[in-house]
Structures are given as C-alpha cells and as structure tokens.
>>> print(open('model16.tsv').read())   # TSV, C-alpha atoms
chain	number	residue	atom	x	y	z
A	182	MET	CA	-19.03	18.44	24.27
A	183	ARG	CA	-20.14	16.19	27.13
A	184	GLY	CA	-17.63	13.67	28.40
A	185	PHE	CA	-14.73	15.19	26.48
A	186	ARG	CA	-11.54	15.79	28.41
A	187	PRO	CA	-8.66	17.28	26.43
A	188	LEU	CA	-5.27	16.43	27.86
A	189	ASP	CA	-2.13	17.94	26.43
A	190	ARG	CA	0.96	16.31	27.91
A	191	ILE	CA	4.62	16.15	27.15
A	192	ALA	CA	5.48	12.55	26.30
A	193	GLU	CA	6.74	10.56	29.22
A	194	ASP	CA	6.54	7.02	30.55
A	195	LYS	CA	3.22	7.92	32.18
A	196	PRO	CA	1.44	10.00	29.51
A	197	LEU	CA	-1.84	10.09	31.45
A	198	PRO	CA	-2.70	10.84	35.07
A	199	ALA	CA	-3.15	7.64	37.09
A	200	ASP	CA	-6.86	8.33	37.65
A	201	VAL	CA	-7.64	8.47	33.92
A	202	LYS	CA	-9.30	5.18	32.92
A	203	ASN	CA	-11.97	3.83	30.58
A	204	LEU	CA	-11.26	6.25	27.75
A	205	ASP	CA	-12.99	5.78	24.39
A	206	LEU	CA	-10.18	7.28	22.36
A	207	ILE	CA	-6.59	8.51	22.59
A	208	THR	CA	-5.08	10.53	19.76
A	209	PHE	CA	-1.32	10.94	19.38
A	210	PHE	CA	-0.59	13.20	16.42
A	211	PHE	CA	2.81	13.82	14.83
A	212	TYR	CA	4.82	13.47	18.03
A	213	TYR	CA	5.47	9.75	18.51
A	214	HIS	CA	8.73	10.03	16.55
A	215	ASP	CA	9.98	12.60	19.09
A	216	THR	CA	9.81	10.02	21.87
A	217	THR	CA	12.54	8.04	20.07
A	218	TYR	CA	15.24	10.51	21.14
A	219	MET	CA	13.74	11.66	24.43
A	220	GLU	CA	14.21	9.92	27.77
A	221	VAL	CA	10.96	8.01	27.37
A	222	ASN	CA	10.40	4.31	27.85
A	223	ARG	CA	8.03	3.78	24.94
A	224	ASP	CA	7.06	0.30	26.13
A	225	LYS	CA	5.79	1.81	29.40
A	226	MET	CA	4.19	4.74	27.59
A	227	ASN	CA	2.30	2.48	25.17
A	228	LYS	CA	1.20	0.16	27.98
A	229	ALA	CA	-0.06	3.16	29.97
A	230	MET	CA	-2.17	4.25	26.99
A	231	PHE	CA	-3.42	0.67	26.55
A	232	ASP	CA	-4.39	0.48	30.24
A	233	ALA	CA	-6.23	3.83	30.09
A	234	LEU	CA	-8.58	2.70	27.32
A	235	LYS	CA	-11.76	0.75	27.88
A	236	PRO	CA	-12.40	-2.42	25.87
A	237	GLY	CA	-13.41	-1.58	22.32
A	238	ALA	CA	-11.65	1.81	22.42
A	239	PHE	CA	-9.16	3.18	19.92
A	240	LEU	CA	-5.63	4.58	19.90
A	241	ILE	CA	-5.02	6.77	16.85
A	242	ILE	CA	-1.42	7.61	16.03
A	243	ALA	CA	-0.55	9.73	13.02
A	244	ASP	CA	3.10	10.46	12.31
A	245	HIS	CA	5.58	11.04	9.52
A	246	SER	CA	6.84	7.83	7.91
A	247	ALA	CA	10.55	7.10	7.66
A	248	LYS	CA	12.10	5.08	4.86
A	249	PRO	CA	12.10	1.29	5.23
A	250	GLY	CA	14.99	0.21	7.44
A	251	GLU	CA	15.39	3.55	9.23
A	252	GLY	CA	13.37	2.47	12.28
A	253	THR	CA	13.86	5.08	15.00
A	254	THR	CA	17.23	6.39	13.75
A	255	VAL	CA	15.82	9.55	12.12
A	256	GLY	CA	13.40	10.67	14.84
A	257	LYS	CA	15.48	13.71	15.75
A	258	THR	CA	16.95	14.59	12.35
A	259	THR	CA	14.04	14.27	9.91
A	260	HIS	CA	11.28	13.81	12.51
A	261	ARG	CA	10.06	10.46	11.23
A	262	ILE	CA	9.58	6.90	12.43
A	263	GLU	CA	9.35	3.80	10.30
A	264	GLU	CA	5.79	2.50	10.10
A	265	LYS	CA	6.93	-1.08	10.82
A	266	THR	CA	8.67	0.02	14.04
A	267	LEU	CA	5.66	1.92	15.34
A	268	ILE	CA	3.36	-1.02	14.57
A	269	GLU	CA	5.68	-3.44	16.41
A	270	GLU	CA	5.77	-1.16	19.45
A	271	VAL	CA	2.00	-0.67	19.83
A	272	THR	CA	1.24	-4.35	19.20
A	273	LYS	CA	3.76	-5.25	21.90
A	274	ALA	CA	1.66	-3.14	24.32
A	275	GLY	CA	-1.42	-5.25	23.53
A	276	PHE	CA	-3.20	-3.40	20.72
A	277	LYS	CA	-4.64	-5.66	18.03
A	278	HIS	CA	-4.62	-5.02	14.30
A	279	VAL	CA	-8.25	-4.65	13.20
A	280	GLY	CA	-7.99	-3.36	9.66
A	281	THR	CA	-5.92	-1.74	6.96
A	282	LEU	CA	-6.73	0.76	4.25
A	283	PRO	CA	-4.18	0.03	1.52
A	284	GLN	CA	-2.32	2.67	-0.47
A	285	VAL	CA	-3.63	5.83	1.20
A	286	GLY	CA	-0.43	7.76	0.56
A	287	PHE	CA	2.70	7.64	-1.58
A	288	LYS	CA	6.12	8.55	-0.20
A	289	PHE	CA	9.73	7.54	-0.77
A	290	GLY	CA	8.75	5.76	-3.97
A	291	ARG	CA	6.26	3.42	-2.30
A	292	TRP	CA	2.63	3.25	-1.26
A	293	LEU	CA	1.77	3.61	2.43
A	294	ASP	CA	-1.12	1.89	4.18
A	295	LEU	CA	-3.26	3.12	7.04
A	296	SER	CA	-3.59	0.48	9.75
A	297	PHE	CA	-6.07	0.42	12.63
A	298	TYR	CA	-5.30	-1.02	16.06
A	299	GLN	CA	-7.86	-1.49	18.81
A	300	LEU	CA	-8.17	-2.68	22.37
A	301	LEU	CA	-10.62	-5.52	21.72
A	302	LEU	CA	-13.58	-6.30	23.93
A	303	GLU	CA	-13.27	-9.26	26.25
A	304	THR	CA	-16.09	-11.55	25.26
A	305	PRO	CA	-17.64	-14.58	26.93
A	306	ALA	CA	-17.01	-17.99	25.40
A	307	HIS	CA	-20.72	-18.32	24.63
A	308	PRO	CA	-22.28	-14.84	24.16
A	309	LEU	CA	-26.05	-14.45	24.42
A	310	ASP	CA	-28.28	-12.16	22.37
A	311	GLY	CA	-30.56	-9.68	24.11
>>> encode(input="model16.tsv", output="structure tokens")
Amino acid sequence: MRGFRPLDRIAEDKPLPADVKNLDLITFFFYYHDTTYMEVNRDKMNKAMFDALKPGAFLIIADHSAKPGEGTTVGKTTHRIEEKTLIEEVTKAGFKHVGTLPQVGFKFGRWLDLSFYQLLLETPAHPLDG
C-alpha cells in the first residue's frame, strides 16, 4: 500500500517520532486504558498525536468501556477506561467531536455510543469555490 507507514510503539509521552507529521490517520486499539497506570503523561501523548495529524485527519481509539464513575481507576485491574474520561482527554488535546452513532453496543446495563473526533481543517473566513 503506497504511503502507508505502520508504527508499533509502546505508549509514552511521545508516541511518534518527531519527524512524523501530516498523517491522515492514527489508530490506537485496546491499549489506551493501559496508559492510565503507566508512567505516561496522557495530555502530552494526546497532544503529540494531535500535532502529528494533518487538518481533516482522524484519530481512532477503540478500547474497553468501564462503568460510569470508574474513570481511570480500573485500567490495570479490569483493563477498561470510562468513555467519558477518554472523551475529555482527547478533546482537551484539541480534537473536535464530529459525530456520534448512538447505541452501537450494550454493556453494564446501558447502551454505548460510538463517537468520532477529528482534527478539523482550518478554513478561510470567506472560502471560494473552484
């Protein structure tokens, strides 16, 4: 696949090499919860991912959902993170909520939504067609 660069890294404050910029997509699957008990500054990690993406690109995080109110307290024991906590952390880094698919899963006696966050394009005040 042209232009594809797989990068498998152990989570850290700088999850990407400094020269990696203008990415279209970052995927972070079933590991974010582990950063809650590791020596990782998640604010710096999320900002580094934000800075590595080009405008209009996507960060996709899939992880196991903790019960409401558990936040990051069960990251090491049950390997979960509360959806609300993860959303707060990535929005703090600058990602914008761009859509939600409601009720895609059912767990802990409640429906779970799938939310999408994107690094939005910077646009001129008066865009021109063509």
>>> atom_distance(input="model16.tsv", atom1="CA of Lys202 in chain A", atom2="CA of Leu234 in chain A")
6.2 Å
>>> residues_near_point(input="model16.tsv", point="(11.1, 11.3, 9.7)", cutoff="10 Å", atoms="only C-alpha atoms", output="tab-separated table (two decimals) with C-alpha atoms, keeping the file's coordinate frame")
chain	number	residue	atom	x	y	z
A	214	HIS	CA	8.73	10.03	16.55
A	215	ASP	CA	9.98	12.60	19.09
A	244	ASP	CA	3.10	10.46	12.31
A	245	HIS	CA	5.58	11.04	9.52
A	246	SER	CA	6.84	7.83	7.91
A	247	ALA	CA	10.55	7.10	7.66
A	248	LYS	CA	12.10	5.08	4.86
A	251	GLU	CA	15.39	3.55	9.23
A	252	GLY	CA	13.37	2.47	12.28
A	253	THR	CA	13.86	5.08	15.00
A	254	THR	CA	17.23	6.39	13.75
A	255	VAL	CA	15.82	9.55	12.12
A	256	GLY	CA	13.40	10.67	14.84
A	257	LYS	CA	15.48	13.71	15.75
A	258	THR	CA	16.95	14.59	12.35
A	259	THR	CA	14.04	14.27	9.91
A	260	HIS	CA	11.28	13.81	12.51
A	261	ARG	CA	10.06	10.46	11.23
A	262	ILE	CA	9.58	6.90	12.43
A	263	GLU	CA	9.35	3.80	10.30
>>> residues_around(input="model16.tsv", residues="Phe297 in chain A", least_positions_apart="6", cutoff="8 Å", atoms="all atoms listed in the file", output="VMD selection string")
chain A and resid 241 278 to 281
>>> residues_near_point(input="model16.tsv", point="(1.6, 7.5, 18.8)", cutoff="8 Å", atoms="all atoms listed in the file", output="JSON, numbers by chain")
{"A": [208, 209, 210, 211, 212, 213, 214, 240, 241, 242, 243, 244, 267]}
>>> write_last_selection(input="model16.tsv", atoms="C-alpha atoms", output="tab-separated table (two decimals), in the frame of the given file")
chain	number	residue	atom	x	y	z
A	208	THR	CA	-5.08	10.53	19.76
A	209	PHE	CA	-1.32	10.94	19.38
A	210	PHE	CA	-0.59	13.20	16.42
A	211	PHE	CA	2.81	13.82	14.83
A	212	TYR	CA	4.82	13.47	18.03
A	213	TYR	CA	5.47	9.75	18.51
A	214	HIS	CA	8.73	10.03	16.55
A	240	LEU	CA	-5.63	4.58	19.90
A	241	ILE	CA	-5.02	6.77	16.85
A	242	ILE	CA	-1.42	7.61	16.03
A	243	ALA	CA	-0.55	9.73	13.02
A	244	ASP	CA	3.10	10.46	12.31
A	267	LEU	CA	5.66	1.92	15.34
>>> atom_distance(input="model16.tsv", atom1="CA of Lys228 in chain A", atom2="CA of Thr216 in chain A")
14.4 Å
>>> residues_around(input="model16.tsv", residues="Leu197 in chain A", least_positions_apart="4", cutoff="8 Å", atoms="all atoms listed in the file", output="ChimeraX atom specification")
/A:190,201,229-230,233
>>> decode(input="model16.tsv", residues="range 273-285 of chain A", atoms="all heavy atoms", output="mmCIF file, in the first residue's frame")
data_model
loop_
_atom_site.group_PDB
_atom_site.id
_atom_site.type_symbol
_atom_site.label_atom_id
_atom_site.label_comp_id
_atom_site.auth_asym_id
_atom_site.auth_seq_id
_atom_site.Cartn_x
_atom_site.Cartn_y
_atom_site.Cartn_z
ATOM 1 N N LYS A 273 -9.472 17.691 25.202
ATOM 2 C CA LYS A 273 -8.523 18.626 25.828
ATOM 3 C C LYS A 273 -7.297 18.828 24.927
ATOM 4 O O LYS A 273 -6.716 19.905 24.892
ATOM 5 C CB LYS A 273 -8.105 18.064 27.190
ATOM 6 C CG LYS A 273 -7.295 18.968 28.040
ATOM 7 C CD LYS A 273 -7.180 18.325 29.412
ATOM 8 C CE LYS A 273 -6.036 18.830 30.213
ATOM 9 N NZ LYS A 273 -5.895 18.121 31.484
ATOM 10 N N ALA A 274 -6.934 17.801 24.156
ATOM 11 C CA ALA A 274 -5.774 17.895 23.254
ATOM 12 C C ALA A 274 -6.098 18.671 21.986
ATOM 13 O O ALA A 274 -5.205 19.020 21.230
ATOM 14 C CB ALA A 274 -5.288 16.491 22.883
ATOM 15 N N GLY A 275 -7.396 18.931 21.724
ATOM 16 C CA GLY A 275 -7.763 19.727 20.560
ATOM 17 C C GLY A 275 -8.671 19.028 19.568
ATOM 18 O O GLY A 275 -9.134 19.656 18.619
ATOM 19 N N PHE A 276 -8.916 17.737 19.745
ATOM 20 C CA PHE A 276 -9.806 17.032 18.824
ATOM 21 C C PHE A 276 -11.234 17.515 19.017
ATOM 22 O O PHE A 276 -11.654 17.836 20.116
ATOM 23 C CB PHE A 276 -9.720 15.515 19.043
ATOM 24 C CG PHE A 276 -8.396 14.950 18.623
ATOM 25 C CD1 PHE A 276 -7.390 14.734 19.549
ATOM 26 C CD2 PHE A 276 -8.145 14.653 17.292
ATOM 27 C CE1 PHE A 276 -6.163 14.224 19.166
ATOM 28 C CE2 PHE A 276 -6.924 14.147 16.896
ATOM 29 C CZ PHE A 276 -5.930 13.930 17.835
ATOM 30 N N LYS A 277 -11.980 17.590 17.928
ATOM 31 C CA LYS A 277 -13.355 18.082 17.945
ATOM 32 C C LYS A 277 -14.328 16.932 17.690
ATOM 33 O O LYS A 277 -14.082 16.085 16.829
ATOM 34 C CB LYS A 277 -13.574 19.149 16.857
ATOM 35 C CG LYS A 277 -12.633 20.321 16.952
ATOM 36 C CD LYS A 277 -12.876 21.136 18.188
ATOM 37 C CE LYS A 277 -11.935 22.330 18.191
ATOM 38 N NZ LYS A 277 -11.630 22.830 19.490
ATOM 39 N N HIS A 278 -15.420 16.943 18.425
ATOM 40 C CA HIS A 278 -16.466 15.949 18.225
ATOM 41 C C HIS A 278 -17.165 16.241 16.907
ATOM 42 O O HIS A 278 -17.631 17.353 16.682
ATOM 43 C CB HIS A 278 -17.463 16.010 19.385
ATOM 44 C CG HIS A 278 -18.578 15.050 19.252
ATOM 45 N ND1 HIS A 278 -19.847 15.440 18.898
ATOM 46 C CD2 HIS A 278 -18.627 13.715 19.396
ATOM 47 C CE1 HIS A 278 -20.623 14.381 18.854
ATOM 48 N NE2 HIS A 278 -19.911 13.314 19.147
ATOM 49 N N VAL A 279 -17.208 15.249 16.001
ATOM 50 C CA VAL A 279 -17.813 15.464 14.688
ATOM 51 C C VAL A 279 -18.990 14.545 14.400
ATOM 52 O O VAL A 279 -19.607 14.650 13.349
ATOM 53 C CB VAL A 279 -16.769 15.355 13.550
ATOM 54 C CG1 VAL A 279 -15.751 16.475 13.645
ATOM 55 C CG2 VAL A 279 -16.100 13.997 13.541
ATOM 56 N N GLY A 280 -19.306 13.656 15.322
ATOM 57 C CA GLY A 280 -20.467 12.800 15.103
ATOM 58 C C GLY A 280 -20.553 11.673 16.104
ATOM 59 O O GLY A 280 -19.555 11.306 16.712
ATOM 60 N N THR A 281 -21.743 11.147 16.259
ATOM 61 C CA THR A 281 -21.977 10.045 17.187
ATOM 62 C C THR A 281 -22.951 9.046 16.563
ATOM 63 O O THR A 281 -23.970 9.442 15.995
ATOM 64 C CB THR A 281 -22.572 10.554 18.516
ATOM 65 O OG1 THR A 281 -21.636 11.448 19.118
ATOM 66 C CG2 THR A 281 -22.852 9.414 19.480
ATOM 67 N N LEU A 282 -22.609 7.784 16.653
ATOM 68 C CA LEU A 282 -23.531 6.715 16.311
ATOM 69 C C LEU A 282 -24.098 6.206 17.632
ATOM 70 O O LEU A 282 -23.363 5.642 18.446
ATOM 71 C CB LEU A 282 -22.817 5.577 15.578
ATOM 72 C CG LEU A 282 -22.184 5.923 14.236
ATOM 73 C CD1 LEU A 282 -21.431 4.714 13.682
ATOM 74 C CD2 LEU A 282 -23.238 6.369 13.256
ATOM 75 N N PRO A 283 -25.377 6.433 17.880
ATOM 76 C CA PRO A 283 -25.947 6.038 19.169
ATOM 77 C C PRO A 283 -26.195 4.534 19.275
ATOM 78 O O PRO A 283 -26.466 3.873 18.277
ATOM 79 C CB PRO A 283 -27.261 6.819 19.229
ATOM 80 C CG PRO A 283 -27.628 7.051 17.815
ATOM 81 C CD PRO A 283 -26.332 7.122 17.041
ATOM 82 N N GLN A 284 -26.075 4.042 20.468
ATOM 83 C CA GLN A 284 -26.431 2.673 20.844
ATOM 84 C C GLN A 284 -25.818 1.606 19.933
ATOM 85 O O GLN A 284 -26.506 0.751 19.396
ATOM 86 C CB GLN A 284 -27.948 2.531 20.884
ATOM 87 C CG GLN A 284 -28.594 3.433 21.908
ATOM 88 C CD GLN A 284 -30.093 3.248 22.008
ATOM 89 O OE1 GLN A 284 -30.721 2.643 21.153
ATOM 90 N NE2 GLN A 284 -30.672 3.783 23.069
ATOM 91 N N VAL A 285 -24.498 1.625 19.800
ATOM 92 C CA VAL A 285 -23.831 0.608 18.981
ATOM 93 C C VAL A 285 -23.466 -0.638 19.780
ATOM 94 O O VAL A 285 -23.117 -1.663 19.219
ATOM 95 C CB VAL A 285 -22.575 1.168 18.270
ATOM 96 C CG1 VAL A 285 -22.949 2.268 17.307
ATOM 97 C CG2 VAL A 285 -21.542 1.630 19.272
#
